[in-house]
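So this block is my_file_18.csv, CSV, C-alpha atoms:
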```csv
chain,number,residue,atom,x,y,z
A,266,MET,CA,7.7,6.0,12.9
A,267,THR,CA,4.0,6.4,13.2
A,268,GLY,CA,1.4,4.2,14.8
A,269,ASP,CA,1.1,2.4,18.1
A,270,ILE,CA,4.3,0.3,17.7
A,271,GLN,CA,7.7,2.0,18.2
A,272,MET,CA,10.5,-0.1,16.9
A,273,THR,CA,14.0,0.9,18.1
A,274,THR,CA,15.9,-2.3,17.2
A,275,SER,CA,15.3,-4.9,14.6
A,276,SER,CA,15.2,-7.6,17.3
A,277,GLY,CA,12.0,-6.0,18.6
A,278,ILE,CA,10.1,-6.2,15.3
A,279,ASP,CA,7.2,-8.6,15.2
A,280,LEU,CA,5.7,-9.2,11.8
A,281,MET,CA,2.9,-11.2,13.4
A,282,ASP,CA,1.6,-7.9,14.8
A,283,LEU,CA,-0.9,-6.8,12.2
A,284,ARG,CA,-1.2,-3.2,13.4
A,285,ALA,CA,1.6,-2.1,11.2
A,286,PHE,CA,-0.1,-3.6,8.1
A,287,ALA,CA,-3.6,-2.3,9.0
A,288,SER,CA,-2.1,1.2,9.7
A,289,GLY,CA,-0.1,1.4,6.5
A,290,TYR,CA,3.3,1.9,8.0
A,291,ALA,CA,4.8,-1.6,7.5
A,292,ASP,CA,7.1,-0.3,4.7
A,293,GLU,CA,9.1,1.6,7.4
A,294,ILE,CA,9.6,-1.6,9.3
A,295,PHE,CA,10.8,-3.5,6.3
A,296,ALA,CA,13.3,-0.7,5.4
A,297,GLN,CA,14.8,-1.2,8.9
A,298,LEU,CA,15.0,-5.0,8.4
A,299,ARG,CA,16.6,-4.7,5.0
A,300,ASN,CA,19.4,-2.5,6.4
A,301,GLU,CA,19.9,-4.0,9.9
A,302,ASP,CA,18.6,-7.6,9.9
A,303,PRO,CA,18.1,-9.0,6.3
A,304,LEU,CA,17.5,-12.5,7.8
A,305,HIS,CA,15.2,-11.8,10.7
A,306,TRP,CA,13.9,-14.4,13.2
A,307,ASN,CA,10.3,-13.9,14.3
A,308,ASP,CA,8.6,-15.8,17.1
A,309,GLU,CA,5.2,-17.0,16.3
A,310,PRO,CA,2.2,-17.5,18.6
A,311,ASN,CA,1.1,-21.1,18.4
A,312,GLY,CA,3.9,-21.9,16.0
A,313,PRO,CA,7.6,-22.6,15.8
A,314,GLY,CA,8.6,-19.1,14.5
A,315,PHE,CA,10.0,-18.2,11.1
A,316,TRP,CA,12.8,-16.4,9.2
A,317,SER,CA,12.1,-13.4,7.1
A,318,VAL,CA,14.0,-12.5,3.9
A,319,THR,CA,13.4,-8.9,2.9
A,320,ARG,CA,16.0,-7.9,0.3
A,321,TYR,CA,15.2,-8.3,-3.4
A,322,ALA,CA,18.1,-10.6,-4.2
A,323,ASP,CA,17.3,-12.9,-1.3
A,324,VAL,CA,13.6,-13.1,-2.0
A,325,LYS,CA,14.4,-13.9,-5.7
A,326,ALA,CA,16.9,-16.6,-4.7
A,327,VAL,CA,14.6,-18.3,-2.3
A,328,ALA,CA,11.7,-18.2,-4.7
A,329,ALA,CA,13.9,-19.8,-7.4
A,330,ASP,CA,15.4,-22.6,-5.3
A,331,HIS,CA,12.7,-25.2,-4.9
A,332,ASP,CA,15.3,-27.9,-4.0
A,333,THR,CA,16.3,-25.9,-0.9
A,334,PHE,CA,13.1,-24.1,-0.1
A,335,THR,CA,10.0,-26.2,-0.6
A,336,VAL,CA,6.3,-25.2,-0.8
A,337,THR,CA,5.0,-28.6,0.3
A,338,GLN,CA,4.6,-27.6,3.9
A,339,GLY,CA,2.5,-24.5,3.1
A,340,THR,CA,2.9,-21.0,1.6
A,341,GLN,CA,1.3,-19.0,4.4
A,342,ILE,CA,3.1,-18.2,7.6
A,343,ALA,CA,0.7,-20.3,9.7
A,344,SER,CA,1.3,-24.0,9.4
A,345,ARG,CA,-1.8,-24.9,7.4
A,346,ARG,CA,-2.8,-25.3,3.8
A,347,ALA,CA,-6.0,-23.5,2.5
A,348,GLU,CA,-7.2,-26.6,0.7
A,349,GLY,CA,-6.9,-28.8,3.8
A,350,GLU,CA,-5.1,-32.1,4.1
A,351,GLY,CA,-6.2,-33.6,0.8
A,352,ALA,CA,-4.4,-33.4,-2.5
A,353,ARG,CA,-2.2,-30.3,-2.8
A,354,SER,CA,-3.0,-27.3,-4.9
A,355,ILE,CA,-0.4,-26.0,-7.5
A,356,HIS,CA,0.7,-23.6,-4.7
A,357,HIS,CA,1.9,-26.6,-2.6
A,358,VAL,CA,3.8,-28.8,-5.0
A,359,ASP,CA,7.3,-28.5,-6.2
A,360,PRO,CA,8.8,-29.3,-9.6
A,361,PRO,CA,8.6,-31.7,-11.3
A,362,GLU,CA,5.1,-32.4,-10.1
A,363,HIS,CA,4.2,-28.7,-10.3
A,364,GLY,CA,4.7,-28.1,-14.0
A,365,PRO,CA,2.2,-30.6,-15.5
A,366,LEU,CA,-0.4,-29.5,-12.9
A,367,ARG,CA,0.1,-25.8,-13.8
A,368,LYS,CA,0.0,-26.5,-17.5
A,369,ILE,CA,-3.6,-27.6,-17.3
A,370,VAL,CA,-4.7,-24.1,-16.9
A,371,THR,CA,-1.8,-22.1,-18.3
A,372,PRO,CA,-3.0,-22.2,-22.0
A,373,HIS,CA,-6.3,-20.6,-20.8
A,374,VAL,CA,-4.6,-17.6,-19.1
A,375,ARG,CA,-1.8,-16.9,-21.6
A,376,PRO,CA,-1.6,-13.4,-23.1
A,377,ALA,CA,-3.3,-14.3,-26.4
A,378,LYS,CA,-6.2,-16.1,-24.7
A,379,VAL,CA,-6.7,-13.3,-22.1
A,380,LYS,CA,-6.6,-10.7,-24.9
A,381,ALA,CA,-9.8,-12.2,-26.2
A,382,LEU,CA,-11.5,-11.1,-23.0
A,383,VAL,CA,-11.0,-7.4,-23.7
A,384,PRO,CA,-14.6,-6.8,-24.9
A,385,ASP,CA,-16.1,-8.6,-21.9
A,386,ILE,CA,-13.8,-6.7,-19.5
A,387,GLU,CA,-14.6,-3.3,-21.1
A,388,ALA,CA,-18.3,-4.1,-20.9
A,389,VAL,CA,-18.1,-4.8,-17.2
A,390,ILE,CA,-16.0,-1.6,-16.6
A,391,ASP,CA,-18.6,0.4,-18.6
A,392,ASP,CA,-21.4,-0.9,-16.5
A,393,LEU,CA,-19.7,-0.3,-13.2
A,394,LEU,CA,-18.7,3.3,-14.2
A,395,ASP,CA,-22.2,4.0,-15.5
A,396,LYS,CA,-23.5,3.3,-12.0
A,397,ALA,CA,-20.7,5.1,-10.1
A,398,VAL,CA,-20.2,8.4,-12.0
A,399,GLY,CA,-22.2,11.2,-10.4
A,400,ALA,CA,-23.6,8.9,-7.8
A,401,GLY,CA,-22.0,10.8,-4.9
A,402,PRO,CA,-19.6,9.2,-2.4
A,403,ILE,CA,-19.3,5.5,-2.9
A,404,ASP,CA,-17.0,2.8,-1.7
A,405,LEU,CA,-14.6,2.1,-4.5
A,406,VAL,CA,-13.9,-1.4,-3.2
A,407,ALA,CA,-17.4,-2.6,-2.9
A,408,ASN,CA,-18.7,-0.9,-6.1
A,409,ILE,CA,-15.8,-1.3,-8.5
A,410,SER,CA,-12.5,-2.8,-7.5
A,411,ALA,CA,-14.0,-5.9,-6.0
A,412,GLN,CA,-16.7,-6.3,-8.7
A,413,LEU,CA,-14.5,-6.2,-11.8
A,414,PRO,CA,-12.3,-9.2,-11.0
A,415,LEU,CA,-15.2,-11.0,-9.3
A,416,VAL,CA,-17.3,-11.0,-12.4
A,417,MET,CA,-14.4,-11.9,-14.7
A,418,ILE,CA,-13.1,-14.8,-12.5
A,419,GLY,CA,-16.7,-16.0,-12.2
A,420,ARG,CA,-17.0,-16.0,-16.0
A,421,LEU,CA,-13.7,-17.8,-16.4
A,422,LEU,CA,-14.7,-20.5,-13.9
A,423,GLY,CA,-18.2,-20.8,-15.2
A,424,ALA,CA,-20.0,-19.5,-12.1
A,425,PRO,CA,-23.3,-17.7,-12.9
A,426,LEU,CA,-23.4,-14.0,-12.2
A,427,GLU,CA,-25.9,-14.4,-9.4
A,428,ASP,CA,-23.5,-16.6,-7.6
A,429,CYS,CA,-20.6,-14.1,-7.6
A,430,PRO,CA,-21.5,-12.5,-4.2
A,431,ASN,CA,-20.9,-15.9,-2.6
A,432,LEU,CA,-17.5,-16.1,-4.4
A,433,LEU,CA,-16.6,-12.7,-2.9
A,434,ARG,CA,-17.7,-13.7,0.6
A,435,TRP,CA,-15.8,-17.0,0.5
A,436,THR,CA,-12.7,-15.1,-0.8
A,437,ASN,CA,-12.9,-12.6,2.1
A,438,GLN,CA,-13.3,-15.3,4.6
A,439,MET,CA,-10.4,-17.3,3.4
A,440,ALA,CA,-7.9,-14.5,2.6
A,441,SER,CA,-7.3,-13.3,6.1
A,442,GLU,CA,-8.6,-13.5,9.7
A,443,ASP,CA,-9.6,-9.8,9.7
A,444,PRO,CA,-12.4,-9.5,12.2
A,445,ASP,CA,-14.6,-7.8,9.6
A,446,TYR,CA,-14.6,-11.1,7.7
A,447,SER,CA,-13.7,-13.8,10.1
A,448,ALA,CA,-14.4,-15.1,13.6
A,449,GLY,CA,-11.2,-17.1,13.5
A,450,PRO,CA,-9.7,-20.1,11.7
A,451,GLU,CA,-13.0,-22.0,11.8
A,452,THR,CA,-14.5,-19.3,9.4
A,453,ALA,CA,-12.0,-20.2,6.7
A,454,VAL,CA,-12.6,-23.9,7.2
A,455,ARG,CA,-16.3,-23.4,6.8
A,456,ALA,CA,-15.9,-21.2,3.7
A,457,ARG,CA,-13.5,-23.8,2.2
A,458,ASP,CA,-16.1,-26.6,2.6
A,459,GLU,CA,-18.8,-24.3,1.0
A,460,VAL,CA,-16.5,-23.6,-1.9
A,461,PHE,CA,-15.9,-27.3,-2.4
A,462,ALA,CA,-19.6,-28.1,-2.3
A,463,TYR,CA,-20.4,-25.3,-4.7
A,464,PHE,CA,-17.9,-26.2,-7.3
A,465,ARG,CA,-18.6,-29.9,-7.1
A,466,ALA,CA,-22.2,-29.2,-8.0
A,467,LEU,CA,-21.1,-27.0,-10.9
A,468,GLU,CA,-18.7,-29.7,-11.9
A,469,THR,CA,-21.5,-32.2,-12.1
A,470,GLU,CA,-23.3,-29.9,-14.5
A,471,ARG,CA,-20.2,-29.4,-16.7
A,472,ARG,CA,-19.6,-33.1,-16.9
A,473,ALA,CA,-23.1,-33.5,-18.4
A,474,CYS,CA,-22.8,-30.4,-20.5
A,475,PRO,CA,-19.3,-28.9,-21.0
A,476,ALA,CA,-18.9,-25.2,-21.6
A,477,ASP,CA,-16.1,-22.8,-22.4
A,478,ASP,CA,-14.9,-22.3,-18.9
A,479,LEU,CA,-12.2,-23.5,-16.5
A,480,VAL,CA,-14.4,-25.9,-14.6
A,481,SER,CA,-15.1,-27.8,-17.8
A,482,VAL,CA,-11.3,-27.7,-18.6
A,483,LEU,CA,-10.4,-29.1,-15.2
A,484,THR,CA,-13.1,-31.8,-15.2
A,485,ALA,CA,-11.8,-33.1,-18.5
A,486,ALA,CA,-8.1,-32.7,-17.6
A,487,GLU,CA,-5.7,-35.6,-17.0
A,488,LEU,CA,-2.5,-35.9,-15.2
A,489,ASP,CA,-0.2,-38.7,-16.5
A,490,GLY,CA,-3.1,-40.1,-18.4
A,491,VAL,CA,-5.4,-40.2,-15.3
A,492,PRO,CA,-8.3,-37.8,-14.6
A,493,LEU,CA,-7.6,-35.3,-11.9
A,494,SER,CA,-8.4,-36.6,-8.5
A,495,ARG,CA,-11.1,-35.2,-6.3
A,496,GLY,CA,-8.5,-33.4,-4.1
A,497,TYR,CA,-6.7,-31.8,-7.1
A,498,LEU,CA,-10.0,-30.5,-8.5
A,499,ASP,CA,-11.1,-29.0,-5.1
A,500,ALA,CA,-7.7,-27.4,-4.6
A,501,TYR,CA,-7.7,-25.9,-8.1
A,502,TYR,CA,-11.1,-24.4,-7.8
A,503,LEU,CA,-10.1,-22.8,-4.5
A,504,ILE,CA,-6.9,-21.3,-5.6
A,505,LEU,CA,-8.4,-19.9,-8.8
A,506,MET,CA,-11.2,-18.3,-7.0
A,507,VAL,CA,-9.1,-16.6,-4.3
A,508,ALA,CA,-6.2,-15.6,-6.5
A,509,GLY,CA,-8.5,-14.4,-9.2
A,510,ASN,CA,-10.3,-12.1,-6.8
A,511,GLU,CA,-7.9,-10.9,-4.3
A,512,THR,CA,-4.9,-9.7,-6.3
A,513,THR,CA,-6.7,-7.6,-8.8
A,514,ARG,CA,-9.0,-6.0,-6.3
A,515,ASN,CA,-6.1,-4.9,-4.1
A,516,LEU,CA,-4.2,-3.7,-7.2
A,517,LEU,CA,-7.1,-1.5,-8.4
A,518,SER,CA,-7.8,-0.1,-4.9
A,519,GLY,CA,-4.2,0.6,-4.2
A,520,GLY,CA,-3.6,2.0,-7.6
A,521,VAL,CA,-6.4,4.6,-7.2
A,522,LEU,CA,-5.0,5.6,-3.8
A,523,ALA,CA,-1.5,5.9,-5.2
A,524,LEU,CA,-2.7,8.2,-7.9
A,525,HIS,CA,-4.7,10.2,-5.4
A,526,GLU,CA,-1.6,10.7,-3.3
A,527,ASN,CA,0.5,11.5,-6.4
A,528,PRO,CA,-2.0,13.5,-8.6
A,529,GLN,CA,0.7,14.7,-11.0
A,530,TRP,CA,0.6,11.2,-12.6
A,531,TRP,CA,-3.1,11.5,-13.4
A,532,ASP,CA,-2.1,14.5,-15.5
A,533,LEU,CA,0.6,12.4,-17.3
A,534,LEU,CA,-1.8,9.6,-18.0
A,535,ARG,CA,-4.4,11.9,-19.4
A,536,GLU,CA,-1.8,13.6,-21.6
A,537,ASN,CA,-0.1,10.3,-22.6
A,538,PRO,CA,-2.4,7.2,-22.3
A,539,GLY,CA,0.5,5.1,-23.6
A,540,LYS,CA,2.1,5.4,-20.1
A,541,ILE,CA,-0.8,3.5,-18.5
A,542,ARG,CA,1.0,0.2,-19.0
A,543,SER,CA,4.0,1.4,-17.1
A,544,ALA,CA,1.8,3.0,-14.5
A,545,VAL,CA,0.1,-0.4,-13.9
A,546,GLU,CA,3.5,-2.0,-13.4
A,547,GLU,CA,4.4,0.7,-10.9
A,548,MET,CA,1.1,0.1,-9.1
A,549,VAL,CA,2.0,-3.6,-8.8
A,550,ARG,CA,5.4,-2.7,-7.3
A,551,TRP,CA,4.0,0.0,-5.0
A,552,VAL,CA,1.0,-2.0,-3.7
A,553,SER,CA,2.5,-5.5,-3.8
A,554,PRO,CA,-1.0,-7.1,-3.4
A,555,VAL,CA,0.6,-10.3,-2.1
A,556,LEU,CA,2.8,-9.2,0.7
A,557,SER,CA,4.5,-12.5,1.4
A,558,MET,CA,4.8,-16.2,0.6
A,559,ARG,CA,6.4,-18.9,2.7
A,560,ARG,CA,8.8,-21.7,2.0
A,561,THR,CA,10.3,-24.4,4.3
A,562,ALA,CA,14.0,-25.2,4.3
A,563,THR,CA,14.9,-28.7,3.2
A,564,ARG,CA,18.5,-28.5,4.5
A,565,ASP,CA,20.7,-26.2,6.6
A,566,VAL,CA,21.5,-22.9,4.8
A,567,GLU,CA,23.9,-20.1,5.7
A,568,MET,CA,22.6,-16.7,5.1
A,569,HIS,CA,23.8,-13.3,6.4
A,570,GLY,CA,25.9,-15.0,9.0
A,571,LYS,CA,23.1,-17.1,10.4
A,572,THR,CA,22.0,-20.7,9.9
A,573,VAL,CA,18.5,-21.6,8.6
A,574,LYS,CA,18.0,-25.1,9.8
A,575,ALA,CA,16.3,-27.8,7.8
A,576,GLY,CA,12.6,-27.6,8.7
A,577,ASP,CA,12.6,-23.9,9.5
A,578,LYS,CA,10.0,-21.7,7.9
A,579,VAL,CA,11.3,-19.0,5.6
A,580,VAL,CA,9.0,-16.1,4.6
A,581,MET,CA,9.7,-14.1,1.4
A,582,TRP,CA,8.4,-10.5,1.8
A,583,PHE,CA,7.6,-9.3,-1.8
A,584,CYS,CA,6.5,-6.0,-0.5
A,585,SER,CA,9.9,-5.4,1.0
A,586,ALA,CA,11.8,-6.6,-2.1
A,587,ASN,CA,9.8,-4.2,-4.2
A,588,ARG,CA,11.1,-1.2,-2.0
A,589,ASP,CA,14.7,-2.4,-1.9
A,590,GLU,CA,17.1,0.6,-2.4
A,591,ARG,CA,19.7,-1.8,-3.8
A,592,VAL,CA,17.5,-2.4,-6.9
A,593,PHE,CA,15.0,0.5,-7.2
A,594,GLU,CA,16.0,4.1,-7.5
A,595,ASP,CA,14.0,6.3,-5.1
A,596,PRO,CA,11.9,3.2,-4.1
A,597,ASN,CA,9.6,5.1,-1.8
A,598,THR,CA,8.4,7.4,-4.5
A,599,PHE,CA,5.5,6.4,-6.8
A,600,ARG,CA,6.7,7.0,-10.4
A,601,ALA,CA,4.2,6.0,-13.0
A,602,ASP,CA,6.9,6.1,-15.7
A,603,ARG,CA,9.4,4.0,-13.8
A,604,PHE,CA,11.7,2.1,-16.1
A,605,PRO,CA,13.1,-0.4,-15.7
A,606,ASN,CA,10.7,-1.9,-13.2
A,607,GLU,CA,11.7,-5.5,-12.5
A,608,HIS,CA,9.4,-5.8,-9.5
A,609,LEU,CA,8.4,-9.1,-7.8
A,610,GLY,CA,4.8,-8.1,-7.4
A,611,PHE,CA,3.6,-11.3,-9.1
A,612,GLY,CA,6.2,-13.5,-7.4
A,613,TRP,CA,9.1,-15.2,-9.1
A,614,GLY,CA,10.1,-18.6,-10.4
A,615,ASP,CA,7.9,-21.6,-11.0
A,616,HIS,CA,5.2,-20.3,-8.7
A,617,ALA,CA,4.9,-16.8,-10.2
A,618,CYS,CA,1.2,-15.7,-10.3
A,619,LEU,CA,-0.8,-17.7,-12.8
A,620,GLY,CA,-3.3,-14.9,-13.3
A,621,ALA,CA,-0.7,-12.1,-13.8
A,622,ASN,CA,-1.8,-11.5,-17.4
A,623,LEU,CA,-5.4,-11.1,-16.5
A,624,ALA,CA,-4.7,-8.8,-13.5
A,625,ARG,CA,-2.5,-6.5,-15.7
A,626,LEU,CA,-5.1,-6.4,-18.4
A,627,GLU,CA,-8.0,-5.6,-16.1
A,628,ALA,CA,-6.1,-2.8,-14.4
A,629,LYS,CA,-4.8,-1.4,-17.8
A,630,LEU,CA,-8.3,-1.4,-19.2
A,631,PHE,CA,-9.8,0.2,-16.1
A,632,PHE,CA,-7.4,3.1,-16.0
A,633,THR,CA,-7.6,3.5,-19.8
A,634,LYS,CA,-11.3,3.8,-19.6
A,635,LEU,CA,-11.1,6.5,-17.0
A,636,VAL,CA,-8.8,8.5,-19.1
A,637,GLU,CA,-10.7,8.0,-22.3
A,638,LEU,CA,-14.0,9.0,-20.7
A,639,GLY,CA,-12.5,11.9,-18.8
A,640,ILE,CA,-13.6,10.5,-15.4
A,641,GLY,CA,-11.8,11.6,-12.3
A,642,ILE,CA,-11.7,9.7,-9.0
A,643,ASP,CA,-11.4,11.8,-5.9
A,644,VAL,CA,-10.7,10.0,-2.6
A,645,VAL,CA,-12.9,11.6,0.0
A,646,ASP,CA,-11.9,9.8,3.2
A,647,SER,CA,-9.1,7.6,4.5
A,648,PRO,CA,-8.9,3.9,3.5
A,649,LYS,CA,-9.7,1.1,5.9
A,650,ARG,CA,-6.9,-1.4,5.4
A,651,LEU,CA,-7.0,-5.2,5.8
A,652,GLN,CA,-5.5,-6.7,8.9
A,653,SER,CA,-3.3,-9.2,7.2
A,654,ASN,CA,0.4,-10.0,6.7
A,655,PHE,CA,-0.5,-12.1,3.6
A,656,PHE,CA,-2.5,-9.7,1.3
A,657,ARG,CA,-2.1,-5.9,1.2
A,658,GLY,CA,-5.7,-5.0,0.9
A,659,ILE,CA,-8.0,-2.1,1.3
A,660,LYS,CA,-11.4,-3.0,2.7
A,661,THR,CA,-13.1,0.4,2.1
A,662,LEU,CA,-12.0,3.5,0.1
A,663,PRO,CA,-14.6,6.3,-0.1
A,664,VAL,CA,-14.4,8.0,-3.4
A,665,ARG,CA,-16.4,10.3,-5.7
A,666,LEU,CA,-16.3,9.7,-9.5
A,667,GLU,CA,-17.0,12.8,-11.6
A,668,PRO,CA,-16.5,13.8,-15.2
A,669,ARG,CA,-13.7,16.2,-15.7
A,670,ASN,CA,-14.2,19.3,-17.9
A,671,GLY,CA,-12.3,19.0,-21.1
```
Take the structure in the file and write it out as structure tokens.
Amino acid sequence: MTGDIQMTTSSGIDLMDLRAFASGYADEIFAQLRNEDPLHWNDEPNGPGFWSVTRYADVKAVAADHDTFTVTQGTQIASRRAEGEGARSIHHVDPPEHGPLRKIVTPHVRPAKVKALVPDIEAVIDDLLDKAVGAGPIDLVANISAQLPLVMIGRLLGAPLEDCPNLLRWTNQMASEDPDYSAGPETAVRARDEVFAYFRALETERRACPADDLVSVLTAAELDGVPLSRGYLDAYYLILMVAGNETTRNLLSGGVLALHENPQWWDLLRENPGKIRSAVEEMVRWVSPVLSMRRTATRDVEMHGKTVKAGDKVVMWFCSANRDERVFEDPNTFRADRFPNEHLGFGWGDHACLGANLARLEAKLFFTKLVELGIGIDVVDSPKRLQSNFFRGIKTLPVRLEPRNG
């Protein structure tokens, strides 16, 4: 095993040590857990500790059983909720409350609705590529993979383009405690308060003059015949902003890196653009942009010869499930034509990613445009990875975009 941490037994594995994630060798650790300790207890600084489920079947089972494993106590490892102590976001409510709350936005991100965004997405991609091709070494993250989802989620929410840099800053500050973005938990709290203030002001404008955006939808929405409360609105804005940015950014950056490390698949995609859809699914599996989600046990549960007690935290590691040898043939090989590919990269069950259709479409159109225009992306230096056990992110990826002859 590479890196600073040498793990000899599964009992010595600490998933709160972010070095494995920042160095890119966490997948080796999860392989060891799947085989030796599929229900792994992890102590937690300033917390009670948590169980980790790492096999595909176990992750899927926990995600699907909201009666036994609740989201109401939080979905991150740390015992906190991003929206604070007010009304819960859709991330933090179980059925039956979850369904009606989710359905407020679901019609606006369904495949048919998202497909109507194709011209807008392509226009954004064209603009980004025009600026990047032939410009010499650039950071893919700052110049492309962060910008595309940022502009699109800004449009969906109704945020003016000039405000998008703030959306990106707030997302970075809330997505992790990486020292490049955060000075600690207080940074996320301050960013959250700024997000609430920003969208409340935008909401006031939309109440006076509704538009075709999600802020207008939410301000007009009702739950059981009653307008959404202040807490529900704040929580919805927050989750849409962060989820709309983070997942697609990490998918695009990680996808480019995967193709760089496996260049034979670039050749396949150029020869057969119809394979781009399956390549994107493999990128989702391979990258697993959301590494983990947490639940809390509502009762005692026996798993793998151990007892999860009521009140214990249980963390589902999607990144590990997506490399499970019991499900995926040759899981540690990137295969752009992998089929079947029943990954859990967008979660599972009632809380599966609300924006999965948009993320897939943005990635498919981006790589399609590269192939159609004959643009190559060469990675010219090593990535700098996010220090996080929640998102698998790349902070910087130096690349060069050049037209390919022929």
In terms of the shortest atom-to-atom distance over all atoms listed in the file, which of A:Pro376, A:Asn510, A:Phe631, A:Val573 is closest to Cys429 (chain A)? A:Asn510
Would you please work out which residue, of A:Asp279, A:Glu387, A:Glu301, A:Asp445, is nearest to Lys634 (chain A) when using all atoms listed in the file?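 Using all atoms listed in the file, the shortest distance to Lys634 (chain A) belongs to A:Glu387.
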Tell me, as a PyMOL selection string, which residues lie within 9 Å of region 352-359 of chain A, counting all atoms listed in the file; anything in the same chain fewer than 5 positions away does not count. chain A and resi 331-332+335-340+346-347+364+366-367+494-501+503-504+615-616
Given all atoms listed in the file as the basis, pick out the residue of A:Val549, A:Ala388, A:Ile278, A:Val580 nearest to Arg603 (chain A). A:Val549
Straight-line distance linking CA of Phe286 (chain A) with CA of Asn654 (chain A), stated in Å to one decimal: 6.6 Å
Produce a table with one row for each residue of region 306-420 of chain A that has an atom at most 12 Å from any atom of region 517-535 of chain A, each row naming the nearest atom pair and its distance in Å at one decimal; use only C-alpha atoms; arrange rows by chain and rising residue number; format as JSON lines.
```
{"residue": "A:Asp404", "atom": "CA", "partner": "A:Ser518", "partner_atom": "CA", "distance": 10.2}
{"residue": "A:Leu405", "atom": "CA", "partner": "A:Ser518", "partner_atom": "CA", "distance": 7.2}
{"residue": "A:Val406", "atom": "CA", "partner": "A:Ser518", "partner_atom": "CA", "distance": 6.5}
{"residue": "A:Ala407", "atom": "CA", "partner": "A:Ser518", "partner_atom": "CA", "distance": 10.1}
{"residue": "A:Asn408", "atom": "CA", "partner": "A:Ser518", "partner_atom": "CA", "distance": 11.0}
{"residue": "A:Ile409", "atom": "CA", "partner": "A:Leu517", "partner_atom": "CA", "distance": 8.7}
{"residue": "A:Ser410", "atom": "CA", "partner": "A:Leu517", "partner_atom": "CA", "distance": 5.6}
{"residue": "A:Ala411", "atom": "CA", "partner": "A:Leu517", "partner_atom": "CA", "distance": 8.5}
{"residue": "A:Gln412", "atom": "CA", "partner": "A:Leu517", "partner_atom": "CA", "distance": 10.7}
{"residue": "A:Leu413", "atom": "CA", "partner": "A:Leu517", "partner_atom": "CA", "distance": 9.4}
{"residue": "A:Pro414", "atom": "CA", "partner": "A:Leu517", "partner_atom": "CA", "distance": 9.6}
```
Figure out the distance between CA of Gly612 (chain A) and CA of Glu567 (chain A), please, to one decimal in Å.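 Answer for the CA of Glu567 (chain A) to CA of Gly612 (chain A) separation: 23.0 Å.
Straight-line separation from CA of Gly539 (chain A) to CA of Leu516 (chain A): 19.2 Å.
With all atoms listed in the file as the atoms that count, the minimum distance from Met439 (chain A) to the choices A:Leu382, A:Leu394, A:Leu623, A:Ala508 is reached by A:Ala508.
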With distances taken over all atoms listed in the file, which residue among A:Asp565, A:Asp458, A:Glu607, A:Glu442 lies nearest Ser653 (chain A)?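 Nearest to Ser653 (chain A): A:Glu442.
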Around all of region 619-622 of chain A's listed atoms, make the axis-aligned box with 5 Å on each side and tell me centre and edge lengths in Å to one decimal, as lines of an AutoDock Vina configuration file.
```
center_x = -2.0
center_y = -14.6
center_z = -15.1
size_x = 12.6
size_y = 16.2
size_z = 14.6
```
List as an MDAnalysis selection string: which residues have an atom within 12 Å of (7.6, -15.5, -7.8), counting only C-alpha atoms? chainID A and resid 321 323:331 340 356 553 555:560 581:583 586 607:619 621
Residue selection dump (C-alpha atoms) as an mmCIF file, in the frame of the given file:
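Produced file selection-v3.cif, reproduced below:
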```cif
data_model
loop_
_atom_site.group_PDB
_atom_site.id
_atom_site.type_symbol
_atom_site.label_atom_id
_atom_site.label_comp_id
_atom_site.auth_asym_id
_atom_site.auth_seq_id
_atom_site.Cartn_x
_atom_site.Cartn_y
_atom_site.Cartn_z
ATOM 1 C CA TYR A 321 15.200 -8.300 -3.400
ATOM 2 C CA ASP A 323 17.300 -12.900 -1.300
ATOM 3 C CA VAL A 324 13.600 -13.100 -2.000
ATOM 4 C CA LYS A 325 14.400 -13.900 -5.700
ATOM 5 C CA ALA A 326 16.900 -16.600 -4.700
ATOM 6 C CA VAL A 327 14.600 -18.300 -2.300
ATOM 7 C CA ALA A 328 11.700 -18.200 -4.700
ATOM 8 C CA ALA A 329 13.900 -19.800 -7.400
ATOM 9 C CA ASP A 330 15.400 -22.600 -5.300
ATOM 10 C CA HIS A 331 12.700 -25.200 -4.900
ATOM 11 C CA THR A 340 2.900 -21.000 1.600
ATOM 12 C CA HIS A 356 0.700 -23.600 -4.700
ATOM 13 C CA SER A 553 2.500 -5.500 -3.800
ATOM 14 C CA VAL A 555 0.600 -10.300 -2.100
ATOM 15 C CA LEU A 556 2.800 -9.200 0.700
ATOM 16 C CA SER A 557 4.500 -12.500 1.400
ATOM 17 C CA MET A 558 4.800 -16.200 0.600
ATOM 18 C CA ARG A 559 6.400 -18.900 2.700
ATOM 19 C CA ARG A 560 8.800 -21.700 2.000
ATOM 20 C CA MET A 581 9.700 -14.100 1.400
ATOM 21 C CA TRP A 582 8.400 -10.500 1.800
ATOM 22 C CA PHE A 583 7.600 -9.300 -1.800
ATOM 23 C CA ALA A 586 11.800 -6.600 -2.100
ATOM 24 C CA GLU A 607 11.700 -5.500 -12.500
ATOM 25 C CA HIS A 608 9.400 -5.800 -9.500
ATOM 26 C CA LEU A 609 8.400 -9.100 -7.800
ATOM 27 C CA GLY A 610 4.800 -8.100 -7.400
ATOM 28 C CA PHE A 611 3.600 -11.300 -9.100
ATOM 29 C CA GLY A 612 6.200 -13.500 -7.400
ATOM 30 C CA TRP A 613 9.100 -15.200 -9.100
ATOM 31 C CA GLY A 614 10.100 -18.600 -10.400
ATOM 32 C CA ASP A 615 7.900 -21.600 -11.000
ATOM 33 C CA HIS A 616 5.200 -20.300 -8.700
ATOM 34 C CA ALA A 617 4.900 -16.800 -10.200
ATOM 35 C CA CYS A 618 1.200 -15.700 -10.300
ATOM 36 C CA LEU A 619 -0.800 -17.700 -12.800
ATOM 37 C CA ALA A 621 -0.700 -12.100 -13.800
#
```
